[in-house]
file upload.pdb (PDB, C-alpha atoms and all ligand atoms)
ATOM      1  CA  MET A   1      13.228 -23.559  -4.107
ATOM      2  CA  ASN A   2      16.747 -22.691  -3.073
ATOM      3  CA  VAL A   3      17.015 -19.861  -0.516
ATOM      4  CA  ILE A   4      20.404 -18.139  -0.679
ATOM      5  CA  THR A   5      21.594 -15.447   1.705
ATOM      6  CA  LYS A   6      25.314 -15.192   0.886
ATOM      7  CA  ILE A   7      26.636 -13.452  -2.213
ATOM      8  CA  SER A   8      29.344 -16.099  -2.555
ATOM      9  CA  ASP A   9      26.705 -18.881  -2.650
ATOM     10  CA  LEU A  10      24.650 -16.991  -5.232
ATOM     11  CA  ARG A  11      27.712 -16.530  -7.427
ATOM     12  CA  GLN A  12      28.339 -20.260  -7.338
ATOM     13  CA  SER A  13      24.735 -21.139  -8.268
ATOM     14  CA  ILE A  14      24.539 -18.573 -11.059
ATOM     15  CA  GLY A  15      27.957 -19.680 -12.336
ATOM     16  CA  SER A  16      26.714 -23.274 -12.695
ATOM     17  CA  LEU A  17      23.443 -22.141 -14.304
ATOM     18  CA  LYS A  18      25.202 -19.946 -16.835
ATOM     19  CA  LYS A  19      27.259 -22.954 -17.994
ATOM     20  CA  THR A  20      24.008 -24.722 -18.921
ATOM     21  CA  GLY A  21      22.957 -21.725 -21.080
ATOM     22  CA  LYS A  22      19.562 -21.531 -19.398
ATOM     23  CA  THR A  23      17.591 -18.279 -19.549
ATOM     24  CA  ILE A  24      17.218 -16.493 -16.208
ATOM     25  CA  GLY A  25      14.208 -14.340 -15.348
ATOM     26  CA  PHE A  26      14.878 -11.983 -12.440
ATOM     27  CA  VAL A  27      12.362 -10.327 -10.131
ATOM     28  CA  PRO A  28      14.022  -7.827  -7.775
ATOM     29  CA  THR A  29      11.825  -6.930  -4.780
ATOM     30  CA  MET A  30      11.968  -5.411  -1.325
ATOM     31  CA  GLY A  31       9.759  -8.204   0.013
ATOM     32  CA  TYR A  32       6.387  -8.163   1.763
ATOM     33  CA  LEU A  33       5.181  -9.741  -1.430
ATOM     34  CA  HIS A  34       1.739  -9.023  -2.817
ATOM     35  CA  GLU A  35      -0.069 -10.082  -5.951
ATOM     36  CA  GLY A  36       1.827  -7.480  -7.979
ATOM     37  CA  HIS A  37       5.139  -9.193  -7.197
ATOM     38  CA  LEU A  38       3.661 -12.626  -7.784
ATOM     39  CA  THR A  39       2.455 -11.533 -11.219
ATOM     40  CA  LEU A  40       6.029 -10.497 -12.029
ATOM     41  CA  ALA A  41       7.238 -13.913 -10.848
ATOM     42  CA  LYS A  42       4.618 -15.672 -12.967
ATOM     43  CA  GLU A  43       5.610 -13.653 -16.032
ATOM     44  CA  ALA A  44       9.233 -14.566 -15.358
ATOM     45  CA  ARG A  45       8.220 -18.225 -14.912
ATOM     46  CA  ASN A  46       6.349 -18.242 -18.250
ATOM     47  CA  HIS A  47       9.235 -16.872 -20.290
ATOM     48  CA  ASN A  48      12.428 -18.209 -18.673
ATOM     49  CA  GLU A  49      13.935 -21.543 -17.698
ATOM     50  CA  VAL A  50      15.076 -20.343 -14.272
ATOM     51  CA  VAL A  51      13.468 -17.713 -12.027
ATOM     52  CA  VAL A  52      15.483 -15.759  -9.462
ATOM     53  CA  MET A  53      13.807 -13.405  -7.000
ATOM     54  CA  SER A  54      15.640 -11.108  -4.609
ATOM     55  CA  ILE A  55      14.307  -9.687  -1.368
ATOM     56  CA  PHE A  56      16.360  -6.767  -0.145
ATOM     57  CA  VAL A  57      15.081  -3.661   1.593
ATOM     58  CA  ASN A  58      17.647  -1.337   0.109
ATOM     59  CA  PRO A  59      18.614   1.383   2.628
ATOM     60  CA  LEU A  60      20.240   3.473  -0.102
ATOM     61  CA  GLN A  61      16.927   4.310  -1.759
ATOM     62  CA  PHE A  62      15.209   5.590   1.409
ATOM     63  CA  GLY A  63      15.550   9.239   2.394
ATOM     64  CA  PRO A  64      16.270  10.211   6.038
ATOM     65  CA  ASN A  65      12.535  10.841   6.680
ATOM     66  CA  GLU A  66      11.263   7.840   4.777
ATOM     67  CA  ASP A  67      10.008   4.521   6.091
ATOM     68  CA  PHE A  68      13.110   2.237   5.971
ATOM     69  CA  ASP A  69      12.670   0.945   9.540
ATOM     70  CA  ARG A  70       8.902   0.832   9.227
ATOM     71  CA  TYR A  71       8.926  -0.873   5.812
ATOM     72  CA  PRO A  72       6.909  -4.103   6.264
ATOM     73  CA  ARG A  73       8.936  -7.317   6.392
ATOM     74  CA  ASP A  74       7.803 -10.965   6.567
ATOM     75  CA  VAL A  75      10.446 -13.292   5.187
ATOM     76  CA  GLU A  76       8.664 -16.491   6.232
ATOM     77  CA  ARG A  77       5.470 -15.613   4.371
ATOM     78  CA  ASP A  78       7.470 -14.266   1.398
ATOM     79  CA  THR A  79       9.377 -17.553   1.179
ATOM     80  CA  GLU A  80       6.107 -19.505   0.991
ATOM     81  CA  LEU A  81       4.663 -17.173  -1.639
ATOM     82  CA  ALA A  82       7.835 -17.259  -3.729
ATOM     83  CA  THR A  83       7.799 -21.082  -3.650
ATOM     84  CA  MET A  84       4.159 -21.095  -4.755
ATOM     85  CA  SER A  85       4.931 -18.737  -7.636
ATOM     86  CA  GLY A  86       7.561 -21.049  -9.063
ATOM     87  CA  VAL A  87      10.664 -19.119  -8.011
ATOM     88  CA  ASP A  88      13.776 -21.347  -8.237
ATOM     89  CA  ILE A  89      16.253 -19.202  -6.317
ATOM     90  CA  LEU A  90      15.271 -16.725  -3.610
ATOM     91  CA  PHE A  91      18.165 -14.419  -2.796
ATOM     92  CA  ILE A  92      17.909 -12.624   0.558
ATOM     93  CA  PRO A  93      21.205 -10.839   1.202
ATOM     94  CA  GLU A  94      22.220  -8.874   4.299
ATOM     95  CA  VAL A  95      22.800  -5.118   4.062
ATOM     96  CA  ALA A  96      26.370  -5.632   5.315
ATOM     97  CA  ASP A  97      27.029  -8.078   2.462
ATOM     98  CA  MET A  98      25.543  -5.844  -0.274
ATOM     99  CA  TYR A  99      27.238  -2.673   0.983
ATOM    100  CA  ARG A 100      30.636  -3.613   2.296
ATOM    101  CA  GLY A 101      32.306  -0.566   3.828
ATOM    102  CA  SER A 102      32.214   2.737   1.979
ATOM    103  CA  GLN A 103      31.421   2.723  -1.735
ATOM    104  CA  SER A 104      34.369   3.987  -3.749
ATOM    105  CA  VAL A 105      32.161   4.524  -6.834
ATOM    106  CA  THR A 106      28.566   5.764  -6.710
ATOM    107  CA  MET A 107      25.874   6.005  -9.380
ATOM    108  CA  ARG A 108      23.891   9.176  -9.969
ATOM    109  CA  VAL A 109      20.878   9.405 -12.230
ATOM    110  CA  LYS A 110      20.802  12.640 -14.257
ATOM    111  CA  GLU A 111      17.709  12.362 -16.423
ATOM    112  CA  ARG A 112      14.106  11.234 -15.872
ATOM    113  CA  VAL A 113      14.396  11.967 -12.127
ATOM    114  CA  ASP A 114      13.373  15.601 -11.536
ATOM    115  CA  VAL A 115       9.700  14.823 -12.167
ATOM    116  CA  LEU A 116       6.968  12.709 -10.569
ATOM    117  CA  CYS A 117       8.148  10.937  -7.370
ATOM    118  CA  GLY A 118      11.808  11.711  -8.096
ATOM    119  CA  ARG A 119      11.286  15.446  -7.602
ATOM    120  CA  LYS A 120      10.831  15.060  -3.854
ATOM    121  CA  ARG A 121      12.767  11.847  -3.331
ATOM    122  CA  VAL A 122      16.188  13.306  -3.994
ATOM    123  CA  GLY A 123      18.741  10.504  -4.309
ATOM    124  CA  HIS A 124      16.081   7.779  -4.347
ATOM    125  CA  PHE A 125      16.785   6.633  -7.898
ATOM    126  CA  ASP A 126      20.547   6.778  -7.278
ATOM    127  CA  GLY A 127      19.916   4.134  -4.617
ATOM    128  CA  VAL A 128      17.703   2.116  -6.945
ATOM    129  CA  VAL A 129      20.201   1.986  -9.821
ATOM    130  CA  THR A 130      23.083   1.287  -7.446
ATOM    131  CA  VAL A 131      21.438  -1.773  -5.955
ATOM    132  CA  LEU A 132      20.149  -2.951  -9.332
ATOM    133  CA  ALA A 133      23.605  -2.647 -10.879
ATOM    134  CA  LYS A 134      24.888  -4.910  -8.089
ATOM    135  CA  LEU A 135      21.985  -7.348  -8.449
ATOM    136  CA  PHE A 136      22.221  -7.480 -12.256
ATOM    137  CA  HIS A 137      25.932  -8.298 -11.996
ATOM    138  CA  LEU A 138      25.267 -11.023  -9.445
ATOM    139  CA  VAL A 139      22.193 -12.627 -11.036
ATOM    140  CA  GLN A 140      23.166 -12.048 -14.717
ATOM    141  CA  PRO A 141      19.523 -12.248 -15.802
ATOM    142  CA  THR A 142      18.303 -12.655 -19.364
ATOM    143  CA  ARG A 143      15.199 -10.615 -18.477
ATOM    144  CA  ALA A 144      14.298  -8.510 -15.432
ATOM    145  CA  TYR A 145      10.686  -7.816 -14.491
ATOM    146  CA  PHE A 146       9.311  -4.544 -13.110
ATOM    147  CA  GLY A 147       5.786  -3.380 -12.379
ATOM    148  CA  GLN A 148       4.382  -0.476 -14.363
ATOM    149  CA  LYS A 149       3.052   0.972 -11.112
ATOM    150  CA  ASP A 150       6.574   2.325 -10.598
ATOM    151  CA  ALA A 151       6.770   3.581 -14.173
ATOM    152  CA  GLN A 152       9.408   6.201 -13.361
ATOM    153  CA  GLN A 153      11.587   3.446 -11.909
ATOM    154  CA  VAL A 154      11.185   1.429 -15.128
ATOM    155  CA  ALA A 155      12.113   4.493 -17.215
ATOM    156  CA  VAL A 156      15.222   5.141 -15.092
ATOM    157  CA  VAL A 157      16.280   1.480 -15.177
ATOM    158  CA  GLU A 158      15.794   1.370 -18.960
ATOM    159  CA  GLY A 159      18.080   4.395 -19.187
ATOM    160  CA  MET A 160      20.759   2.719 -17.059
ATOM    161  CA  VAL A 161      20.580  -0.559 -18.979
ATOM    162  CA  SER A 162      20.833   1.258 -22.309
ATOM    163  CA  ASP A 163      23.636   3.651 -21.238
ATOM    164  CA  TYR A 164      25.781   0.955 -19.623
ATOM    165  CA  PHE A 165      25.030  -1.946 -21.980
ATOM    166  CA  PHE A 166      23.687  -4.281 -19.321
ATOM    167  CA  PRO A 167      22.878  -7.475 -21.236
ATOM    168  CA  VAL A 168      19.373  -7.743 -19.822
ATOM    169  CA  GLU A 169      15.939  -7.136 -21.290
ATOM    170  CA  ILE A 170      13.693  -4.986 -19.089
ATOM    171  CA  ILE A 171      10.089  -6.173 -19.051
ATOM    172  CA  ARG A 172       7.403  -3.723 -17.907
ATOM    173  CA  VAL A 173       4.439  -5.635 -16.492
ATOM    174  CA  PRO A 174       0.985  -3.977 -16.237
ATOM    175  CA  THR A 175      -0.165  -2.859 -12.769
ATOM    176  CA  VAL A 176      -2.143  -5.419 -10.781
ATOM    177  CA  ARG A 177      -5.284  -3.949  -9.254
ATOM    178  CA  GLU A 178      -7.852  -4.716  -6.612
ATOM    179  CA  GLU A 179     -11.375  -5.306  -7.898
ATOM    180  CA  ASP A 180     -12.247  -1.648  -7.335
ATOM    181  CA  GLY A 181      -9.231  -0.493  -9.357
ATOM    182  CA  LEU A 182      -6.819   0.411  -6.536
ATOM    183  CA  ALA A 183      -3.281  -0.497  -7.556
ATOM    184  CA  LYS A 184      -1.859  -3.208  -5.281
ATOM    185  CA  SER A 185       0.950  -1.978  -3.053
ATOM    186  CA  SER A 186       2.676  -2.967   0.188
ATOM    187  CA  ARG A 187       1.757   0.496   1.475
ATOM    188  CA  ASN A 188      -2.031  -0.049   1.138
ATOM    189  CA  VAL A 189      -1.964  -1.631   4.618
ATOM    190  CA  TYR A 190      -1.348   1.836   6.066
ATOM    191  CA  LEU A 191      -4.666   3.219   4.744
ATOM    192  CA  SER A 192      -7.471   3.799   7.230
ATOM    193  CA  GLN A 193     -10.803   2.137   6.456
ATOM    194  CA  GLU A 194     -12.239   5.378   5.147
ATOM    195  CA  GLU A 195      -9.152   6.154   3.047
ATOM    196  CA  ARG A 196      -9.227   2.656   1.590
ATOM    197  CA  GLN A 197     -12.767   3.286   0.405
ATOM    198  CA  VAL A 198     -11.925   6.469  -1.488
ATOM    199  CA  ALA A 199      -8.465   5.401  -2.731
ATOM    200  CA  PRO A 200      -9.739   3.928  -6.058
ATOM    201  CA  ILE A 201     -10.412   7.525  -7.150
ATOM    202  CA  LEU A 202      -6.783   7.682  -8.319
ATOM    203  CA  TYR A 203      -7.408   5.067 -10.984
ATOM    204  CA  ARG A 204     -10.837   6.459 -11.835
ATOM    205  CA  SER A 205      -9.289   9.884 -12.498
ATOM    206  CA  LEU A 206      -6.668   8.254 -14.747
ATOM    207  CA  LYS A 207      -9.322   6.414 -16.721
ATOM    208  CA  GLU A 208     -11.276   9.652 -17.112
ATOM    209  CA  ALA A 209      -8.091  11.347 -18.359
ATOM    210  CA  ALA A 210      -7.503   8.544 -20.889
ATOM    211  CA  LYS A 211     -11.054   8.976 -22.121
ATOM    212  CA  ARG A 212     -10.520  12.724 -22.560
ATOM    213  CA  VAL A 213      -7.427  12.027 -24.662
ATOM    214  CA  GLU A 214      -9.321   9.426 -26.656
ATOM    215  CA  ASP A 215     -12.029  12.028 -27.292
ATOM    216  CA  GLY A 216      -9.388  14.325 -28.797
ATOM    217  CA  GLU A 217      -8.077  16.486 -25.922
ATOM    218  CA  ARG A 218      -4.369  17.205 -26.475
ATOM    219  CA  THR A 219      -3.570  19.939 -23.931
ATOM    220  CA  PRO A 220      -1.770  18.511 -20.856
ATOM    221  CA  SER A 221      -3.065  21.186 -18.443
ATOM    222  CA  VAL A 222      -6.687  20.440 -19.378
ATOM    223  CA  ILE A 223      -6.127  16.752 -18.598
ATOM    224  CA  THR A 224      -4.344  17.376 -15.289
ATOM    225  CA  GLY A 225      -6.851  20.097 -14.275
ATOM    226  CA  GLU A 226      -9.733  17.699 -14.717
ATOM    227  CA  MET A 227      -7.924  15.029 -12.682
ATOM    228  CA  TYR A 228      -7.260  17.504  -9.848
ATOM    229  CA  ARG A 229     -10.951  18.326  -9.766
ATOM    230  CA  ILE A 230     -12.059  14.674  -9.658
ATOM    231  CA  ILE A 231      -9.599  13.734  -6.904
ATOM    232  CA  GLN A 232     -10.155  16.833  -4.763
ATOM    233  CA  GLU A 233     -13.905  16.382  -4.869
ATOM    234  CA  ASN A 234     -13.704  12.770  -3.769
ATOM    235  CA  THR A 235     -10.966  12.357  -1.168
ATOM    236  CA  SER A 236      -9.483  13.911   1.933
ATOM    237  CA  GLY A 237      -6.006  12.954   0.686
ATOM    238  CA  THR A 238      -3.638  15.703  -0.462
ATOM    239  CA  ILE A 239      -2.621  15.651  -4.092
ATOM    240  CA  ASP A 240       1.144  15.502  -4.385
ATOM    241  CA  TYR A 241       1.208  15.633  -8.181
ATOM    242  CA  VAL A 242      -0.792  15.024 -11.310
ATOM    243  CA  GLU A 243       1.570  15.075 -14.274
ATOM    244  CA  VAL A 244       1.748  14.138 -17.949
ATOM    245  CA  TYR A 245       4.996  13.410 -19.832
ATOM    246  CA  SER A 246       6.369  11.606 -22.841
ATOM    247  CA  TYR A 247       7.342   8.039 -21.950
ATOM    248  CA  PRO A 248       9.948   6.756 -21.218
ATOM    249  CA  GLU A 249      11.830  10.082 -21.639
ATOM    250  CA  LEU A 250       9.633  11.801 -19.025
ATOM    251  CA  GLU A 251       9.812  15.121 -20.832
ATOM    252  CA  GLU A 252       7.168  17.853 -20.796
ATOM    253  CA  MET A 253       4.999  18.211 -23.894
ATOM    254  CA  LYS A 254       3.026  21.176 -25.235
ATOM    255  CA  ARG A 255       0.633  18.902 -27.108
ATOM    256  CA  LEU A 256       0.140  15.221 -26.367
ATOM    257  CA  GLU A 257       1.471  12.832 -28.995
ATOM    258  CA  GLY A 258       3.175   9.410 -29.045
ATOM    259  CA  ASP A 259       3.634   7.323 -25.903
ATOM    260  CA  ILE A 260       2.695   9.308 -22.831
ATOM    261  CA  ILE A 261       2.393   8.675 -19.114
ATOM    262  CA  ILE A 262      -0.331  10.226 -16.990
ATOM    263  CA  ALA A 263       0.638   9.848 -13.333
ATOM    264  CA  VAL A 264      -0.760  10.771  -9.957
ATOM    265  CA  ALA A 265       0.380  10.691  -6.322
ATOM    266  CA  VAL A 266      -1.859  11.354  -3.330
ATOM    267  CA  GLN A 267      -0.735  11.613   0.282
ATOM    268  CA  PHE A 268      -3.086  10.049   2.817
ATOM    269  CA  GLN A 269      -2.515  10.114   6.614
ATOM    270  CA  GLN A 270      -0.037   7.222   6.753
ATOM    271  CA  ALA A 271       0.389   6.240   3.111
ATOM    272  CA  ARG A 272       1.328   7.940  -0.119
ATOM    273  CA  LEU A 273      -0.306   6.243  -3.095
ATOM    274  CA  ILE A 274       0.855   6.457  -6.706
ATOM    275  CA  ASP A 275      -0.696   5.268  -9.925
ATOM    276  CA  ASN A 276      -0.322   5.837 -13.667
ATOM    277  CA  ILE A 277      -1.385   4.840 -17.114
ATOM    278  CA  ILE A 278       0.757   4.754 -20.244
ATOM    279  CA  ILE A 279      -1.078   5.313 -23.499
ATOM    280  CA  SER A 280      -0.258   5.837 -27.140
ATOM    281  CA  VAL A 281      -1.617   9.074 -28.593
ATOM    282  CA  PRO A 282      -1.961   9.220 -32.390
ATOM    283  CA  PRO A 283      -0.856  12.393 -34.224
ATOM    284  CA  GLU A 284      -3.607  15.040 -34.263
ATOM    285  CA  GLU A 285      -4.181  15.175 -38.027
ATOM    286  CA  ASP A 286      -4.691  11.363 -38.170
ATOM    287  CA  TYR A 287      -6.875  11.488 -35.118
ATOM    288  CA  HIS A 288      -9.455  13.908 -36.500
ATOM    289  CA  VAL A 289      -9.818  12.157 -39.873
TER     290      VAL A 289
HETATM  291  O1  LIG B 301      10.712  -1.620  -6.747
HETATM  292  C1  LIG B 301      11.356  -2.043  -5.772
HETATM  293  O2  LIG B 301      10.877  -2.824  -4.969
HETATM  294  C2  LIG B 301      12.792  -1.578  -5.570
HETATM  295  O3  LIG B 301      12.953  -0.256  -5.976
HETATM  296  C3  LIG B 301      13.812  -2.485  -6.282
HETATM  297  C4  LIG B 301      13.622  -2.472  -7.785
HETATM  298  C5  LIG B 301      13.698  -3.895  -5.757
HETATM  299  C6  LIG B 301      15.240  -1.981  -5.996
HETATM  300  O4  LIG B 301      15.507  -1.992  -4.643
END
call {"tool": "encode", "arguments": {"input": "upload.pdb", "output": "structure tokens", "more": "lines below"}}
Ligand code: PAF
result
Amino acid sequence: MNVITKISDLRQSIGSLKKTGKTIGFVPTMGYLHEGHLTLAKEARNHNEVVVMSIFVNPLQFGPNEDFDRYPRDVERDTELATMSGVDILFIPEVADMYRGSQSVTMRVKERVDVLCGRKRVGHFDGVVTVLAKLFHLVQPTRAYFGQKDAQQVAVVEGMVSDYFFPVEIIRVPTVREEDGLAKSSRNVYLSQEERQVAPILYRSLKEAAKRVEDGERTPSVITGEMYRIIQENTSGTIDYVEVYSYPELEEMKRLEGDIIIAVAVQFQQARLIDNIIISVPPEEDYHV
């Protein structure tokens, strides 16, 4: 595996690769790799001739009170894991190289952001699309891989790619879970022992919601109300949101139909956990036949 830290070196490598016409699978990350990231890398490995992974803790997507300084970092371990997952090029740029001086043009996301995590994380997705625009230009991937756990991020990135004709296919990869259903995340390390035990309730509430929809429930507030009840009864964490939208548009619906996302966020003492499911809801008249 080739570890590259300078943008100029990456440009040279990608330039040579592009001449060979090889497909490039790209896995952008902020490091502290876990099984979720490695699954993305494996997917990229299975469907592309070359795999590029980036590790860059992007300051632009952290709010003033968020955990940029505290965000876990372990480049040595990440390098080993990336090698084991079949990554060909690991790109680890410096902040000063990615953001040189002031930015004369900035990107602002207008849709799909005032819901779910975006509602409170004002400017977060502006930071995400800004860094991804830079990375997509540098890596020139055929396909880019994102975890469904951050489904709002995938929806926003799909919007950017479609609006600005980025020649890249966005692949949404299902969430990787612990045996008890808890979605894998770098932030799980911040959970206390007791919180870790109750945390799988997020996924259990989502599965219960999916079952309700499968049984014919089509009113969003009934679904979210039931999820609130399940979570509140089973954890000390504070519910940040339980929401249902069309996907990937992330628009409110009066009755559930088509592709929908059911998403939840719960704040524990030191960690805020998110999870979601995306399901396809058949039209009501077909459903009751
Ligand atoms: O999902 C992440 O880790 C980050 O938001 C990403 C896509 C690497 C952009 O910084």
call {"tool": "atom_distance", "arguments": {"input": "upload.pdb", "atom1": "CA of Arg45 in chain A", "atom2": "CA of Asn2 in chain A"}}
result
15.3 Å
call {"tool": "residues_near_ligand", "arguments": {"input": "upload.pdb", "ligand": "ligand LIG 301 (chain B)", "cutoff": "8 Å", "atoms": "all atoms listed in the file", "output": "MDAnalysis selection string"}}
result
chainID A and resid 27:31 54:58 61 127:129 131:132 146:147 150 153
call {"tool": "closest_residue", "arguments": {"input": "upload.pdb", "among": "A:Pro248, A:Glu158, A:Glu243, A:Ser221", "to": "Arg119 in chain A", "atoms": "all atoms listed in the file"}}
result
A:Glu243
call {"tool": "resolve_selection", "arguments": {"input": "upload.pdb", "expression": "the PyMOL selection byres (((chain A and resi 111) around 10) and not hetatm)", "output": "compact mmCIF listing (two decimals) with C-alpha atoms, in the frame of the given file"}}
result
# COMPACT_ATOMS: atom_id res chain seq x y z
CA ARG A 108 23.89 9.18 -9.97
CA VAL A 109 20.88 9.40 -12.23
CA LYS A 110 20.80 12.64 -14.26
CA ARG A 112 14.11 11.23 -15.87
CA VAL A 113 14.40 11.97 -12.13
CA ASP A 114 13.37 15.60 -11.54
CA VAL A 115 9.70 14.82 -12.17
CA ALA A 155 12.11 4.49 -17.22
CA VAL A 156 15.22 5.14 -15.09
CA GLY A 159 18.08 4.39 -19.19
CA GLU A 249 11.83 10.08 -21.64
CA LEU A 250 9.63 11.80 -19.02
CA GLU A 251 9.81 15.12 -20.83
call {"tool": "resolve_selection", "arguments": {"input": "upload.pdb", "expression": "the PyMOL selection byres (((chain A and resi 90-98) around 8) and not hetatm)", "output": "MDAnalysis selection string"}}
result
chainID A and resid 1:7 10 52:56 58:59 79 82 87:89 99:101 134
call {"tool": "resolve_selection", "arguments": {"input": "upload.pdb", "expression": "the PyMOL selection byres (((chain A and resi 188) around 12) and not hetatm)", "output": "ChimeraX atom specification"}}
result
/A:32,34,71-72,177-178,182-187,189-193,195-197,199-200,267-274
call {"tool": "atom_distance", "arguments": {"input": "upload.pdb", "atom1": "CA of Ala151 in chain A", "atom2": "CA of Gly258 in chain A"}}
result
16.4 Å
call {"tool": "closest_residue", "arguments": {"input": "upload.pdb", "among": "A:Leu60, A:Val176, A:Ile239, A:Val222", "to": "Arg121 in chain A", "atoms": "all atoms listed in the file"}}
result
A:Leu60
call {"tool": "atom_distance", "arguments": {"input": "upload.pdb", "atom1": "CA of Thr106 in chain A", "atom2": "CA of Gln12 in chain A"}}
result
26.0 Å
call {"tool": "closest_residue", "arguments": {"input": "upload.pdb", "among": "A:His137, A:Arg11, A:Arg172, A:Arg70", "to": "Ala44 in chain A", "atoms": "all atoms listed in the file"}}
result
A:Arg172
call {"tool": "closest_atom_pairs", "arguments": {"input": "upload.pdb", "of": "range 89-155 of chain A", "to": "range 46-51 of chain A", "cutoff": "12 Å", "atoms": "all atoms listed in the file", "output": "JSON lines"}}
result
{"residue": "A:Ile89", "atom": "CA", "partner": "A:Val51", "partner_atom": "CA", "distance": 6.5}
{"residue": "A:Leu90", "atom": "CA", "partner": "A:Val51", "partner_atom": "CA", "distance": 8.7}
{"residue": "A:Phe91", "atom": "CA", "partner": "A:Val51", "partner_atom": "CA", "distance": 10.9}
{"residue": "A:Val139", "atom": "CA", "partner": "A:Val51", "partner_atom": "CA", "distance": 10.1}
{"residue": "A:Gln140", "atom": "CA", "partner": "A:Val51", "partner_atom": "CA", "distance": 11.5}
{"residue": "A:Pro141", "atom": "CA", "partner": "A:Val51", "partner_atom": "CA", "distance": 9.0}
{"residue": "A:Thr142", "atom": "CA", "partner": "A:Asn48", "partner_atom": "CA", "distance": 8.1}
{"residue": "A:Arg143", "atom": "CA", "partner": "A:Asn48", "partner_atom": "CA", "distance": 8.1}
{"residue": "A:Ala144", "atom": "CA", "partner": "A:Val51", "partner_atom": "CA", "distance": 9.8}
{"residue": "A:Tyr145", "atom": "CA", "partner": "A:Val51", "partner_atom": "CA", "distance": 10.6}
call {"tool": "closest_residue", "arguments": {"input": "upload.pdb", "among": "A:Cys117, A:Ile223, A:Ala265, A:Ile171", "to": "Thr238 in chain A", "atoms": "all atoms listed in the file"}}
result
A:Ala265
call {"tool": "closest_residue", "arguments": {"input": "upload.pdb", "among": "A:Lys120, A:Ile262, A:Pro167, A:Thr175", "to": "Ala133 in chain A", "atoms": "all atoms listed in the file"}}
result
A:Pro167
call {"tool": "residues_around", "arguments": {"input": "upload.pdb", "residues": "Ala210 in chain A", "least_positions_apart": "5", "cutoff": "10 Å", "atoms": "all atoms listed in the file", "output": "ChimeraX atom specification"}}
result
/A:204-205,215-217,223,262,277-281
call {"tool": "closest_residue", "arguments": {"input": "upload.pdb", "among": "A:Asp78, A:Glu66, A:Glu194, A:Glu214", "to": "Asn234 in chain A", "atoms": "all atoms listed in the file"}}
result
A:Glu194
call {"tool": "residues_around", "arguments": {"input": "upload.pdb", "residues": "Tyr228 in chain A", "least_positions_apart": "3", "cutoff": "8 Å", "atoms": "only C-alpha atoms", "output": "list in words"}}
result
Thr224, Gly225, Ile231, Gln232, Ile239 and Val242 of chain A
